[in-house]
$ cat work.cif   # mmCIF, C-alpha atoms and all ligand atoms
data_query
loop_
_atom_site.label_atom_id
_atom_site.label_comp_id
_atom_site.auth_asym_id
_atom_site.auth_seq_id
_atom_site.Cartn_x
_atom_site.Cartn_y
_atom_site.Cartn_z
CA MET N 1 0.00 0.00 0.00
CA ASP N 2 1.13 3.52 -0.74
CA THR N 3 2.65 4.98 2.46
CA THR N 4 1.16 8.43 1.86
CA LEU N 5 -2.26 6.84 2.25
CA LYS N 6 -1.34 5.33 5.60
CA LYS N 7 -0.49 8.79 6.90
CA GLY N 8 -3.80 10.12 5.67
CA ILE N 9 -2.19 12.28 3.01
CA TYR N 10 -3.97 12.09 -0.28
CA THR N 11 -4.24 14.12 -3.43
CA LEU N 12 -7.30 16.34 -3.70
CA ASN N 13 -8.64 14.09 -6.45
CA GLN N 14 -8.25 11.00 -4.29
CA TYR N 15 -9.68 12.62 -1.16
CA LEU N 16 -12.73 14.02 -2.92
CA GLY N 17 -13.15 10.80 -4.90
CA ASN N 18 -13.26 8.80 -1.68
CA VAL N 19 -15.66 11.20 0.05
CA LEU N 20 -18.08 11.01 -2.89
CA ALA N 21 -17.59 7.28 -3.49
CA ASN N 22 -18.26 6.45 0.18
CA ALA N 23 -21.41 8.56 0.27
CA MET N 24 -22.77 7.54 -3.11
CA SER N 25 -22.14 3.81 -2.69
CA GLU N 26 -24.22 4.04 0.52
CA GLY N 27 -27.07 5.50 -1.52
CA HIS N 28 -26.76 8.97 0.07
CA GLN N 29 -27.70 12.23 -1.64
CA VAL N 30 -24.75 14.50 -2.33
CA ALA N 31 -24.20 18.13 -3.36
CA LEU N 32 -20.88 19.75 -4.10
CA TRP N 33 -20.22 23.33 -5.16
CA ARG N 34 -17.67 26.12 -5.51
CA LYS N 35 -19.13 29.61 -5.52
CA PRO N 36 -17.93 32.26 -7.99
CA LYS N 37 -14.57 33.78 -6.99
CA SER N 38 -14.35 31.52 -3.93
CA SER N 39 -11.45 29.22 -3.07
CA PHE N 40 -13.70 26.86 -1.09
CA LEU N 41 -15.06 23.62 -2.37
CA GLN N 42 -18.10 22.73 -0.28
CA VAL N 43 -19.68 19.29 0.01
CA LEU N 44 -22.82 18.20 1.81
CA ILE N 45 -24.15 14.72 2.29
CA ASP N 46 -27.72 13.87 3.16
CA THR N 47 -27.54 10.54 4.95
CA THR N 48 -31.24 10.25 5.83
CA GLY N 49 -32.14 8.13 2.81
CA ASN N 50 -35.32 10.18 2.34
CA LEU N 51 -36.16 12.16 -0.73
CA LYS N 52 -37.41 15.39 0.83
CA ARG N 53 -39.58 18.02 -0.77
CA THR N 54 -39.97 21.44 0.74
CA PRO N 55 -42.04 24.59 0.26
CA LEU N 56 -40.01 27.60 -0.84
CA GLN N 57 -39.87 29.36 2.55
CA ILE N 58 -36.10 29.30 2.48
CA GLU N 59 -35.64 31.48 5.58
CA VAL N 60 -36.94 28.72 7.86
CA LEU N 61 -35.16 25.77 6.23
CA PRO N 62 -32.28 24.00 7.96
CA ALA N 63 -28.84 24.05 6.30
CA GLY N 64 -29.05 22.22 2.98
CA PHE N 65 -29.14 22.33 -0.81
CA ILE N 66 -32.25 23.09 -2.86
CA VAL N 67 -33.03 21.64 -6.30
CA HIS N 68 -36.08 22.83 -8.24
CA PRO N 69 -37.06 21.78 -11.79
CA PHE N 70 -37.84 24.25 -14.57
CA VAL N 71 -41.58 23.58 -14.37
CA ASP N 72 -43.26 24.33 -11.04
CA GLN N 73 -44.72 21.25 -9.40
CA GLU N 74 -48.40 21.40 -8.51
CA ASP N 75 -47.56 21.80 -4.83
CA LYS N 76 -44.80 24.32 -5.71
CA LYS N 77 -42.25 22.34 -3.71
CA ALA N 78 -38.54 21.79 -4.37
CA PHE N 79 -36.22 18.87 -3.58
CA PHE N 80 -34.12 19.46 -0.51
CA LEU N 81 -30.90 17.80 0.64
CA GLU N 82 -30.16 18.22 4.32
CA ALA N 83 -26.60 18.93 5.41
CA ASN N 84 -26.20 15.96 7.77
CA GLN N 85 -22.53 15.93 6.88
CA TYR N 86 -20.75 18.98 5.58
CA LEU N 87 -17.15 19.72 4.67
CA LYS N 88 -15.28 22.61 3.18
CA ILE N 89 -11.93 22.39 1.42
CA ASP N 90 -9.78 25.48 0.93
CA LEU N 91 -8.28 24.98 -2.51
CA ASN N 92 -5.46 27.41 -1.70
CA TYR N 93 -3.96 25.08 0.93
CA PRO N 94 -2.72 21.48 0.88
CA LEU N 95 -5.20 19.02 2.36
CA GLU N 96 -2.88 17.96 5.20
CA GLU N 97 -2.83 21.56 6.51
CA GLN N 98 -6.61 21.68 6.83
CA GLU N 99 -7.36 20.42 10.30
CA SER N 100 -11.13 20.50 10.16
CA LEU N 101 -11.31 17.98 7.30
CA PRO N 102 -12.41 14.47 8.22
CA VAL N 103 -9.53 11.99 7.86
CA LEU N 104 -10.35 9.00 5.70
CA GLU N 105 -8.61 6.23 7.60
CA GLU N 106 -10.33 3.00 6.65
CA GLY N 107 -10.32 1.35 3.25
CA ILE N 108 -9.13 4.34 1.29
CA GLU N 109 -9.32 3.63 -2.44
CA THR N 110 -7.16 4.83 -5.29
CA SER N 111 -8.57 7.68 -7.40
CA LYS N 112 -9.37 5.18 -10.16
CA ALA N 113 -11.25 2.82 -7.85
CA ALA N 114 -13.17 5.74 -6.28
CA SER N 115 -14.03 7.01 -9.75
CA ASP N 116 -15.41 3.59 -10.72
CA THR N 117 -17.52 3.46 -7.55
CA ILE N 118 -18.91 6.94 -8.29
CA LYS N 119 -19.75 5.98 -11.87
CA LYS N 120 -21.50 2.85 -10.71
CA ALA N 121 -23.68 4.90 -8.35
CA ILE N 122 -24.47 7.44 -11.09
CA PHE N 123 -25.19 4.95 -13.84
CA GLU N 124 -27.23 2.56 -11.70
CA ASN N 125 -30.95 2.54 -12.48
CA ILE N 126 -30.57 4.82 -15.48
CA ASN N 127 -31.50 3.71 -18.92
CA SER N 128 -30.48 6.61 -21.10
CA SER N 129 -32.07 5.19 -24.24
CA LYS N 130 -35.41 5.64 -22.47
CA THR N 131 -34.86 8.89 -20.63
CA SER N 132 -33.21 11.11 -23.15
CA THR N 133 -33.17 12.21 -26.71
CA GLU N 134 -31.09 14.71 -28.57
CA THR N 135 -32.72 17.69 -30.29
CA ASN N 136 -31.75 17.75 -33.94
CA LYS N 137 -30.78 21.02 -35.55
CA GLU N 138 -33.79 21.09 -37.85
CA ALA N 139 -36.19 20.77 -34.90
CA PHE N 140 -34.47 23.57 -32.99
CA LEU N 141 -34.47 25.93 -36.00
CA THR N 142 -38.18 25.23 -36.50
CA LEU N 143 -38.81 26.01 -32.83
CA VAL N 144 -36.95 29.32 -33.12
CA GLU N 145 -38.94 30.19 -36.28
CA LYS N 146 -42.15 29.46 -34.41
CA GLY N 147 -41.00 31.68 -31.57
CA LEU N 148 -40.22 34.48 -34.02
CA ALA N 149 -43.68 34.12 -35.56
CA ALA N 150 -45.25 34.42 -32.07
CA ILE N 151 -43.19 37.56 -31.45
CA GLU N 152 -44.18 39.02 -34.82
CA ALA N 153 -47.84 38.28 -34.10
CA GLY N 154 -47.49 40.28 -30.89
CA HIS N 155 -48.03 37.33 -28.51
CA LEU N 156 -44.52 37.51 -27.03
CA ASN N 157 -41.66 39.99 -26.65
CA LYS N 158 -39.04 37.35 -26.06
CA ILE N 159 -38.79 33.57 -25.96
CA VAL N 160 -35.93 31.29 -24.85
CA PRO N 161 -36.12 27.97 -26.74
CA ALA N 162 -33.76 25.26 -25.57
CA ARG N 163 -32.31 22.01 -26.87
CA THR N 164 -30.42 18.96 -25.71
CA LYS N 165 -27.18 17.42 -26.94
CA LYS N 166 -26.25 13.84 -26.12
CA LEU N 167 -22.58 12.89 -25.93
CA LYS N 168 -20.94 9.60 -25.15
CA LEU N 169 -18.57 9.60 -22.20
CA ASN N 170 -15.21 7.93 -22.49
CA GLN N 171 -14.83 4.80 -20.36
CA ASP N 172 -12.21 6.70 -18.35
CA PHE N 173 -14.63 9.50 -17.48
CA ASP N 174 -13.71 10.62 -13.97
CA LEU N 175 -16.28 12.85 -12.25
CA VAL N 176 -13.84 14.42 -9.80
CA LYS N 177 -11.36 15.24 -12.57
CA SER N 178 -14.16 16.94 -14.50
CA ILE N 179 -15.27 18.95 -11.47
CA LEU N 180 -11.73 20.07 -10.63
CA SER N 181 -11.04 20.98 -14.23
CA MET N 182 -14.17 23.18 -14.29
CA VAL N 183 -13.24 24.73 -10.94
CA LYS N 184 -9.90 25.77 -12.42
CA SER N 185 -11.24 26.98 -15.76
CA TYR N 186 -14.29 28.93 -14.58
CA PRO N 187 -13.46 31.10 -11.54
CA ASN N 188 -16.60 33.23 -12.09
CA ALA N 189 -19.09 30.36 -12.24
CA PHE N 190 -21.05 28.42 -9.65
CA ILE N 191 -19.50 25.00 -10.18
CA ASN N 192 -21.85 22.30 -9.01
CA PHE N 193 -22.51 18.60 -8.90
CA PHE N 194 -25.46 16.96 -7.22
CA HIS N 195 -26.66 13.40 -6.99
CA ILE N 196 -30.14 12.41 -5.86
CA PRO N 197 -30.42 8.67 -6.48
CA SER N 198 -34.05 8.60 -7.64
CA ILE N 199 -33.82 11.88 -9.56
CA GLY N 200 -30.41 11.92 -11.21
CA SER N 201 -26.89 13.35 -11.23
CA TRP N 202 -26.06 16.73 -12.74
CA ILE N 203 -22.84 18.68 -13.24
CA GLY N 204 -22.67 22.35 -14.18
CA ALA N 205 -21.05 25.78 -14.17
CA SER N 206 -23.81 28.37 -13.83
CA PRO N 207 -23.14 32.06 -14.47
CA GLU N 208 -26.51 33.27 -13.14
CA VAL N 209 -27.57 34.05 -9.57
CA LEU N 210 -31.32 33.77 -9.07
CA ILE N 211 -31.36 35.05 -5.49
CA GLN N 212 -28.71 35.49 -2.86
CA THR N 213 -29.09 36.50 0.78
CA LYS N 214 -26.34 37.19 3.27
CA GLY N 215 -27.18 38.92 6.53
CA ASP N 216 -29.48 41.79 5.59
CA ASN N 217 -28.37 41.86 1.97
CA PHE N 218 -30.44 40.52 -0.87
CA SER N 219 -29.15 40.38 -4.44
CA THR N 220 -30.21 39.16 -7.85
CA MET N 221 -29.09 39.77 -11.43
CA ALA N 222 -30.33 40.21 -14.99
CA LEU N 223 -28.07 38.22 -17.30
CA ALA N 224 -28.58 37.97 -21.05
CA GLY N 225 -26.97 38.55 -24.43
CA THR N 226 -24.23 36.19 -25.53
CA GLN N 227 -21.16 36.37 -27.70
CA LYS N 228 -17.85 34.60 -27.88
CA ALA N 229 -14.96 36.27 -26.03
CA ARG N 230 -12.37 37.32 -28.61
CA GLY N 231 -8.89 38.83 -28.45
CA ASP N 232 -6.60 39.63 -25.51
CA ASN N 233 -8.94 41.91 -23.64
CA PRO N 234 -12.47 40.86 -24.59
CA LEU N 235 -14.17 42.78 -21.77
CA LYS N 236 -12.76 46.07 -23.08
CA THR N 237 -13.14 45.58 -26.80
CA VAL N 238 -16.59 44.04 -26.93
CA ALA N 239 -19.47 45.76 -28.77
CA TRP N 240 -23.12 44.79 -28.29
CA THR N 241 -25.87 44.96 -30.89
CA GLN N 242 -29.29 46.50 -30.33
CA LYS N 243 -30.78 42.97 -30.26
CA GLU N 244 -28.58 41.92 -27.33
CA ILE N 245 -29.06 45.18 -25.44
CA GLU N 246 -32.83 44.83 -25.70
CA GLU N 247 -32.74 41.16 -24.77
CA GLN N 248 -30.92 41.99 -21.53
CA ALA N 249 -33.07 45.06 -20.84
CA LEU N 250 -36.14 42.79 -20.89
CA VAL N 251 -34.63 40.66 -18.14
CA SER N 252 -33.84 43.77 -16.04
CA ARG N 253 -37.33 45.11 -16.60
CA TYR N 254 -38.77 41.82 -15.46
CA ILE N 255 -36.89 42.07 -12.14
CA VAL N 256 -38.00 45.68 -11.66
CA ASP N 257 -41.59 44.61 -12.37
CA CYS N 258 -41.29 41.97 -9.62
CA PHE N 259 -40.06 44.66 -7.18
CA LYS N 260 -43.00 46.84 -8.22
CA LYS N 261 -45.45 44.01 -7.57
CA ILE N 262 -44.38 43.91 -3.93
CA ARG N 263 -44.07 47.71 -3.74
CA LEU N 264 -40.34 47.61 -3.14
CA ARG N 265 -38.92 50.92 -4.29
CA ASP N 266 -35.66 51.08 -2.42
CA TYR N 267 -33.20 48.99 -4.44
CA ASP N 268 -29.83 49.57 -6.00
CA GLU N 269 -29.31 48.75 -9.69
CA GLN N 270 -25.84 48.61 -11.26
CA GLY N 271 -25.02 47.97 -14.89
CA PRO N 272 -25.46 46.54 -17.39
CA LYS N 273 -21.81 45.62 -17.72
CA THR N 274 -20.04 42.94 -19.71
CA VAL N 275 -19.06 39.81 -17.81
CA LEU N 276 -17.12 36.69 -18.77
CA ALA N 277 -18.63 33.21 -18.33
CA GLY N 278 -16.27 30.53 -19.62
CA ASN N 279 -15.33 31.80 -23.06
CA LEU N 280 -18.64 33.62 -23.48
CA LEU N 281 -19.53 37.21 -22.74
CA HIS N 282 -22.87 38.33 -21.33
CA LEU N 283 -24.49 41.59 -20.29
CA ARG N 284 -25.34 41.74 -16.60
CA SER N 285 -27.15 44.15 -14.26
CA ASP N 286 -26.88 43.64 -10.51
CA PHE N 287 -29.68 44.45 -8.08
CA ARG N 288 -29.25 44.82 -4.32
CA VAL N 289 -31.69 45.43 -1.48
CA ASP N 290 -31.10 46.07 2.21
CA MET N 291 -33.76 43.78 3.69
CA ARG N 292 -33.69 45.40 7.10
CA ARG N 293 -34.00 48.96 5.86
CA THR N 294 -36.84 48.01 3.55
CA ASN N 295 -38.44 45.79 6.19
CA PHE N 296 -38.53 42.82 3.80
CA GLN N 297 -36.88 40.03 5.82
CA GLN N 298 -38.48 37.34 3.65
CA LEU N 299 -37.42 38.92 0.38
CA GLY N 300 -35.45 35.79 -0.60
CA SER N 301 -38.54 33.55 -0.61
CA VAL N 302 -40.81 36.21 -2.09
CA MET N 303 -38.47 36.91 -5.00
CA LEU N 304 -37.74 33.24 -5.59
CA GLU N 305 -41.42 32.70 -6.16
CA LEU N 306 -41.81 35.80 -8.34
CA LEU N 307 -38.65 35.48 -10.42
CA HIS N 308 -38.61 31.86 -11.45
CA PRO N 309 -38.60 31.17 -14.37
CA THR N 310 -36.92 34.45 -15.32
CA SER N 311 -37.10 35.95 -18.75
CA ALA N 312 -33.46 34.80 -19.21
CA VAL N 313 -34.62 31.17 -19.42
CA CYS N 314 -38.30 31.43 -20.35
CA GLY N 315 -39.35 34.66 -22.05
CA MET N 316 -41.62 37.68 -21.75
CA PRO N 317 -44.44 37.94 -20.83
CA ARG N 318 -43.81 34.98 -18.57
CA LYS N 319 -47.11 33.07 -18.74
CA PRO N 320 -47.56 32.97 -22.56
CA ALA N 321 -43.82 32.30 -22.95
CA LEU N 322 -44.01 29.33 -20.59
CA ASP N 323 -47.13 28.03 -22.34
CA PHE N 324 -45.34 28.35 -25.68
CA LEU N 325 -42.37 26.31 -24.44
CA LEU N 326 -44.52 23.64 -22.81
CA GLU N 327 -46.42 23.22 -26.03
CA ASN N 328 -43.61 23.45 -28.56
CA GLU N 329 -40.36 22.26 -27.00
CA LYS N 330 -40.29 18.55 -27.68
CA PHE N 331 -38.38 17.43 -24.58
CA ASP N 332 -38.63 17.69 -20.81
CA ARG N 333 -36.27 20.37 -19.45
CA CYS N 334 -36.28 18.45 -16.19
CA LEU N 335 -33.87 20.32 -13.85
CA PHE N 336 -32.33 22.47 -16.62
CA ALA N 337 -33.25 26.15 -16.14
CA GLY N 338 -34.67 25.28 -12.74
CA PHE N 339 -32.76 26.48 -9.68
CA ILE N 340 -30.18 24.96 -7.38
CA GLY N 341 -27.94 26.00 -4.52
CA PRO N 342 -26.94 26.01 -0.87
CA VAL N 343 -29.49 27.32 1.64
CA ASN N 344 -28.67 28.66 5.09
CA ILE N 345 -25.11 27.39 5.05
CA GLU N 346 -22.88 29.60 7.19
CA GLU N 347 -25.75 32.10 7.24
CA GLU N 348 -25.82 32.48 3.47
CA THR N 349 -28.19 31.35 0.76
CA SER N 350 -27.02 31.35 -2.86
CA ILE N 351 -29.46 30.02 -5.39
CA TYR N 352 -28.45 29.86 -9.05
CA VAL N 353 -30.29 29.19 -12.28
CA ASN N 354 -29.34 25.68 -13.41
CA LEU N 355 -27.60 26.64 -16.66
CA ARG N 356 -24.49 25.35 -18.49
CA THR N 357 -25.32 21.94 -17.16
CA ALA N 358 -25.36 18.26 -18.06
CA GLN N 359 -27.33 15.32 -16.75
CA LEU N 360 -25.10 12.29 -16.31
CA LEU N 361 -26.63 9.11 -17.71
CA ASP N 362 -25.32 5.57 -18.14
CA GLY N 363 -22.26 6.27 -20.23
CA PHE N 364 -23.69 9.48 -21.69
CA ALA N 365 -24.04 13.13 -20.80
CA LEU N 366 -27.17 14.98 -21.82
CA LEU N 367 -26.36 18.67 -22.18
CA TYR N 368 -28.98 21.41 -22.18
CA ALA N 369 -28.79 24.95 -23.55
CA GLY N 370 -31.17 27.70 -24.57
CA ALA N 371 -30.91 31.02 -26.38
CA GLY N 372 -32.86 34.25 -25.98
CA VAL N 373 -34.88 35.01 -29.11
CA THR N 374 -36.18 38.50 -29.83
CA GLU N 375 -37.60 39.98 -33.05
CA ASP N 376 -34.14 40.43 -34.64
CA SER N 377 -32.91 36.89 -33.97
CA ILE N 378 -31.44 34.75 -36.75
CA PRO N 379 -32.24 31.05 -36.12
CA GLU N 380 -28.87 29.74 -37.33
CA LYS N 381 -27.05 32.10 -34.93
CA GLU N 382 -29.18 30.92 -32.02
CA TRP N 383 -28.20 27.34 -32.82
CA GLU N 384 -24.51 28.33 -32.83
CA GLU N 385 -25.03 30.03 -29.48
CA THR N 386 -26.44 26.84 -27.94
CA GLU N 387 -23.46 24.93 -29.36
CA MET N 388 -21.07 27.32 -27.60
CA LYS N 389 -23.01 27.00 -24.36
CA CYS N 390 -22.89 23.19 -24.53
CA GLU N 391 -19.16 23.31 -25.19
CA ILE N 392 -18.55 24.99 -21.82
CA ILE N 393 -19.40 21.75 -20.02
CA ALA N 394 -18.63 19.25 -22.77
CA LYS N 395 -14.97 20.13 -22.96
CA HIS N 396 -14.45 19.07 -19.35
CA LEU N 397 -16.22 15.73 -19.58
CA ASN N 398 -13.70 13.35 -21.18
CA LEU N 399 -15.84 12.37 -24.13
CA GLU N 400 -15.45 9.36 -26.37
CA ASN N 401 -15.23 11.75 -29.33
CA PRO N 402 -13.68 14.95 -27.95
CA LEU N 403 -15.11 18.13 -29.47
C1 LIG Z 501 -30.56 29.95 -21.44
C2 LIG Z 501 -29.24 30.06 -21.26
O1 LIG Z 501 -28.61 31.24 -20.98
C3 LIG Z 501 -29.34 32.40 -20.61
C4 LIG Z 501 -28.43 33.22 -19.76
C5 LIG Z 501 -27.54 34.12 -20.31
C6 LIG Z 501 -27.62 34.44 -21.67
C7 LIG Z 501 -28.64 33.97 -22.44
C8 LIG Z 501 -28.76 34.33 -23.87
O2 LIG Z 501 -27.95 35.14 -24.37
O3 LIG Z 501 -29.61 33.79 -24.57
C9 LIG Z 501 -29.76 33.15 -21.87
O4 LIG Z 501 -30.82 34.01 -21.59
C10 LIG Z 501 -28.36 28.88 -21.31
O5 LIG Z 501 -27.18 29.00 -20.98
O6 LIG Z 501 -28.86 27.79 -21.65
#
$ encode --input "work.cif" --output "structure tokens"
Amino acid sequence: MDTTLKKGIYTLNQYLGNVLANAMSEGHQVALWRKPKSSFLQVLIDTTGNLKRTPLQIEVLPAGFIVHPFVDQEDKKAFFLEANQYLKIDLNYPLEEQESLPVLEEGIETSKAASDTIKKAIFENINSSKTSTETNKEAFLTLVEKGLAAIEAGHLNKIVPARTKKLKLNQDFDLVKSILSMVKSYPNAFINFFHIPSIGSWIGASPEVLIQTKGDNFSTMALAGTQKARGDNPLKTVAWTQKEIEEQALVSRYIVDCFKKIRLRDYDEQGPKTVLAGNLLHLRSDFRVDMRRTNFQQLGSVMLELLHPTSAVCGMPRKPALDFLLENEKFDRCLFAGFIGPVNIEEETSIYVNLRTAQLLDGFALLYAGAGVTEDSIPEKEWEETEMKCEIIAKHLNLENPL
């Protein structure tokens, strides 16, 4: 046996692999994340064996991780993983210097063995030929055309059609390697992986906060407009078209309308400014509210209910846009464009829109991506945009046929 293992010194890949393999082989629910600009990798394990569903009153929930599909359930509840076990790794320091980390003494496996155990737990009970299909280009272009026709007819201002892309994983696919590679490549994203045995396993790098609360501070954002980052200083040299500016303004207006609905006038709006997400650029406005000053202590829950699904993933006006998607999109979005994130962990809640994400199936990854369509959209360009969005995750997945 390797002597470093005896001393409890492992590589990050091996440590994390063993933590996940132990939990997942026991049938536990797991969530792992790294917040934007943070050096901490956080992991929670729900050991109760119960699939819990919770109303969206996030302020009263125990520490945990929330997972909500794109489509509201009849009872409006979300899945909830309780933080029965929780650990936090500072990626800036070697593991052996982090005293609060549990030491894995017994039966530590090599990274390869842990990876195989993780894959077994993910692939078990999934039959991807039944659960998933890929959207072909023709079908997506037709959907965009239909959306444009609905906009032209005055039924909608904006619609966000989505598609799937199915890719075969290489036999050597290693979940932890993929996560760590995304952590390194996307410092501004919410890197996440979660595994709920009866629901599925998802991996992603979301650029979009839905709601965040920390102390008395509430924040949300309007993110839209996409183009490839080009050149040495893409943030400085970028130019946005009228189509993209309007597309993002609609998302901002939607947030302001939500504030108006609850008569909240005292908020701070910054932007829009250009931000980098992977190798894509977006336009983003940030909104902040002091919940104490405005006497809105439950603003997190209230806005969660009002915002989802935002016009960044659904369209405007919300109801007809949602109806359009439910009728015309020929696949189930499932958890894509729903929301996910840690709740009441270290007195913070950070819930993100589940974008730039893939569902892990038996030997396959099913990627999901959408694109905001307004009256000036060109269908072919929207397809290319979804390809770029899929690439963000795909290039970290160790595919049988690399992109
Ligand atoms: C729907 C997605 O992105 C949204 C967020 C930012 C920019 C978007 C856009 O430019 O279309 C989308 O509204 C996706 O990544 O699948």
$ residues_around --input "work.cif" --residues "N:Arg230" --least-positions-apart "4" --cutoff "9 Å" --atoms "only C-alpha atoms" --output "ChimeraX atom specification"
/N:234-235,237-238,279-280
$ write_last_selection --input "work.cif" --atoms "C-alpha atoms" --output "short mmCIF file (atom, residue, chain, number, x, y, z; two decimals), in the frame of the given file"
data_model
loop_
_atom_site.label_atom_id
_atom_site.label_comp_id
_atom_site.auth_asym_id
_atom_site.auth_seq_id
_atom_site.Cartn_x
_atom_site.Cartn_y
_atom_site.Cartn_z
CA PRO N 234 -12.47 40.86 -24.59
CA LEU N 235 -14.17 42.78 -21.77
CA THR N 237 -13.14 45.58 -26.80
CA VAL N 238 -16.59 44.04 -26.93
CA ASN N 279 -15.33 31.80 -23.06
CA LEU N 280 -18.64 33.62 -23.48
#
$ atom_distance --input "work.cif" --atom1 "atom CA of N:Lys158" --atom2 "atom CA of N:Gln242"
14.0 Å
$ residues_near_ligand --input "work.cif" --ligand "ligand LIG 501 (chain Z)" --cutoff "10 Å" --atoms "all atoms listed in the file" --output "VMD selection string"
chain N and resid 158 to 164 205 to 208 222 to 227 244 247 to 248 251 277 280 to 284 310 to 315 336 to 337 353 to 357 367 to 374 382 385 to 390 392
$ atom_distance --input "work.cif" --atom1 "atom CA of N:Glu97" --atom2 "atom CA of N:Glu348"
25.6 Å
$ atom_distance --input "work.cif" --atom1 "atom CA of N:Ser350" --atom2 "atom CA of N:Ile58"
10.7 Å
$ residues_around --input "work.cif" --residues "N:Ile179" --least-positions-apart "5" --cutoff "8 Å" --atoms "all atoms listed in the file" --output "ChimeraX atom specification"
/N:191-193,203,396
$ write_last_selection --input "work.cif" --atoms "C-alpha atoms" --output "compact mmCIF listing (two decimals), in the coordinates of the input"
# COMPACT_ATOMS: atom_id res chain seq x y z
CA ILE N 191 -19.50 25.00 -10.18
CA ASN N 192 -21.85 22.30 -9.01
CA PHE N 193 -22.51 18.60 -8.90
CA ILE N 203 -22.84 18.68 -13.24
CA HIS N 396 -14.45 19.07 -19.35
$ residues_around --input "work.cif" --residues "N:Ile196" --least-positions-apart "2" --cutoff "9 Å" --atoms "only C-alpha atoms" --output "PDB file with C-alpha atoms, keeping the file's coordinate frame"
ATOM      1  CA  GLY N  27     -27.070   5.500  -1.520  1.00  0.00           C
ATOM      2  CA  HIS N  28     -26.760   8.970   0.070  1.00  0.00           C
ATOM      3  CA  GLN N  29     -27.700  12.230  -1.640  1.00  0.00           C
ATOM      4  CA  VAL N  30     -24.750  14.500  -2.330  1.00  0.00           C
ATOM      5  CA  ALA N  31     -24.200  18.130  -3.360  1.00  0.00           C
ATOM      6  CA  LEU N  51     -36.160  12.160  -0.730  1.00  0.00           C
ATOM      7  CA  LEU N  81     -30.900  17.800   0.640  1.00  0.00           C
ATOM      8  CA  PHE N 194     -25.460  16.960  -7.220  1.00  0.00           C
ATOM      9  CA  SER N 198     -34.050   8.600  -7.640  1.00  0.00           C
ATOM     10  CA  ILE N 199     -33.820  11.880  -9.560  1.00  0.00           C
ATOM     11  CA  GLY N 200     -30.410  11.920 -11.210  1.00  0.00           C
ATOM     12  CA  SER N 201     -26.890  13.350 -11.230  1.00  0.00           C
TER      13      SER N 201
END
$ closest_residue --input "work.cif" --among "N:Phe123, N:Phe140, N:Phe80, N:Phe324" --to "N:Trp202" --atoms "all atoms listed in the file"
N:Phe123
$ closest_residue --input "work.cif" --among "N:Ile393, N:Asn295, N:Leu143, N:Lys137" --to "N:Gln359" --atoms "all atoms listed in the file"
N:Ile393
$ closest_atom_pairs --input "work.cif" --of "stretch 84-136 of chain N" --to "stretch 34-43 of chain N" --cutoff "6 Å" --atoms "all atoms listed in the file" --output "Markdown table"
| residue | atom | partner | partner_atom | distance |
| --- | --- | --- | --- | --- |
| N:Tyr86 | CA | N:Val43 | CA | 5.7 |
| N:Leu87 | CA | N:Val43 | CA | 5.3 |
| N:Lys88 | CA | N:Gln42 | CA | 4.5 |
| N:Ile89 | CA | N:Leu41 | CA | 5.1 |
| N:Asp90 | CA | N:Phe40 | CA | 4.6 |
| N:Leu91 | CA | N:Ser39 | CA | 5.3 |
$ write_last_selection --input "work.cif" --atoms "C-alpha atoms" --output "short mmCIF file (atom, residue, chain, number, x, y, z; two decimals), in the coordinates of the input"
data_model
loop_
_atom_site.label_atom_id
_atom_site.label_comp_id
_atom_site.auth_asym_id
_atom_site.auth_seq_id
_atom_site.Cartn_x
_atom_site.Cartn_y
_atom_site.Cartn_z
CA TYR N 86 -20.75 18.98 5.58
CA LEU N 87 -17.15 19.72 4.67
CA LYS N 88 -15.28 22.61 3.18
CA ILE N 89 -11.93 22.39 1.42
CA ASP N 90 -9.78 25.48 0.93
CA LEU N 91 -8.28 24.98 -2.51
#
$ build_atoms --input "work.cif" --residues "stretch 375-382 of chain N" --atoms "N, CA and C atoms" --output "mmCIF file, in the coordinates of the input"
data_model
loop_
_atom_site.group_PDB
_atom_site.id
_atom_site.type_symbol
_atom_site.label_atom_id
_atom_site.label_comp_id
_atom_site.auth_asym_id
_atom_site.auth_seq_id
_atom_site.Cartn_x
_atom_site.Cartn_y
_atom_site.Cartn_z
ATOM 1 N N GLU N 375 -37.137 39.834 -31.651
ATOM 2 C CA GLU N 375 -37.600 39.980 -33.050
ATOM 3 C C GLU N 375 -36.465 39.969 -34.077
ATOM 4 N N ASP N 376 -35.243 40.374 -33.668
ATOM 5 C CA ASP N 376 -34.140 40.430 -34.640
ATOM 6 C C ASP N 376 -33.305 39.156 -34.700
ATOM 7 N N SER N 377 -33.727 38.117 -34.021
ATOM 8 C CA SER N 377 -32.910 36.890 -33.970
ATOM 9 C C SER N 377 -32.805 36.198 -35.326
ATOM 10 N N ILE N 378 -31.646 35.576 -35.541
ATOM 11 C CA ILE N 378 -31.440 34.750 -36.750
ATOM 12 C C ILE N 378 -31.304 33.312 -36.258
ATOM 13 N N PRO N 379 -32.224 32.417 -36.668
ATOM 14 C CA PRO N 379 -32.240 31.050 -36.120
ATOM 15 C C PRO N 379 -30.882 30.355 -36.123
ATOM 16 N N GLU N 380 -30.162 30.424 -37.238
ATOM 17 C CA GLU N 380 -28.870 29.740 -37.330
ATOM 18 C C GLU N 380 -27.909 30.230 -36.228
ATOM 19 N N LYS N 381 -27.945 31.532 -35.961
ATOM 20 C CA LYS N 381 -27.050 32.100 -34.930
ATOM 21 C C LYS N 381 -27.437 31.601 -33.544
ATOM 22 N N GLU N 382 -28.724 31.420 -33.326
ATOM 23 C CA GLU N 382 -29.180 30.920 -32.020
ATOM 24 C C GLU N 382 -28.709 29.483 -31.818
#
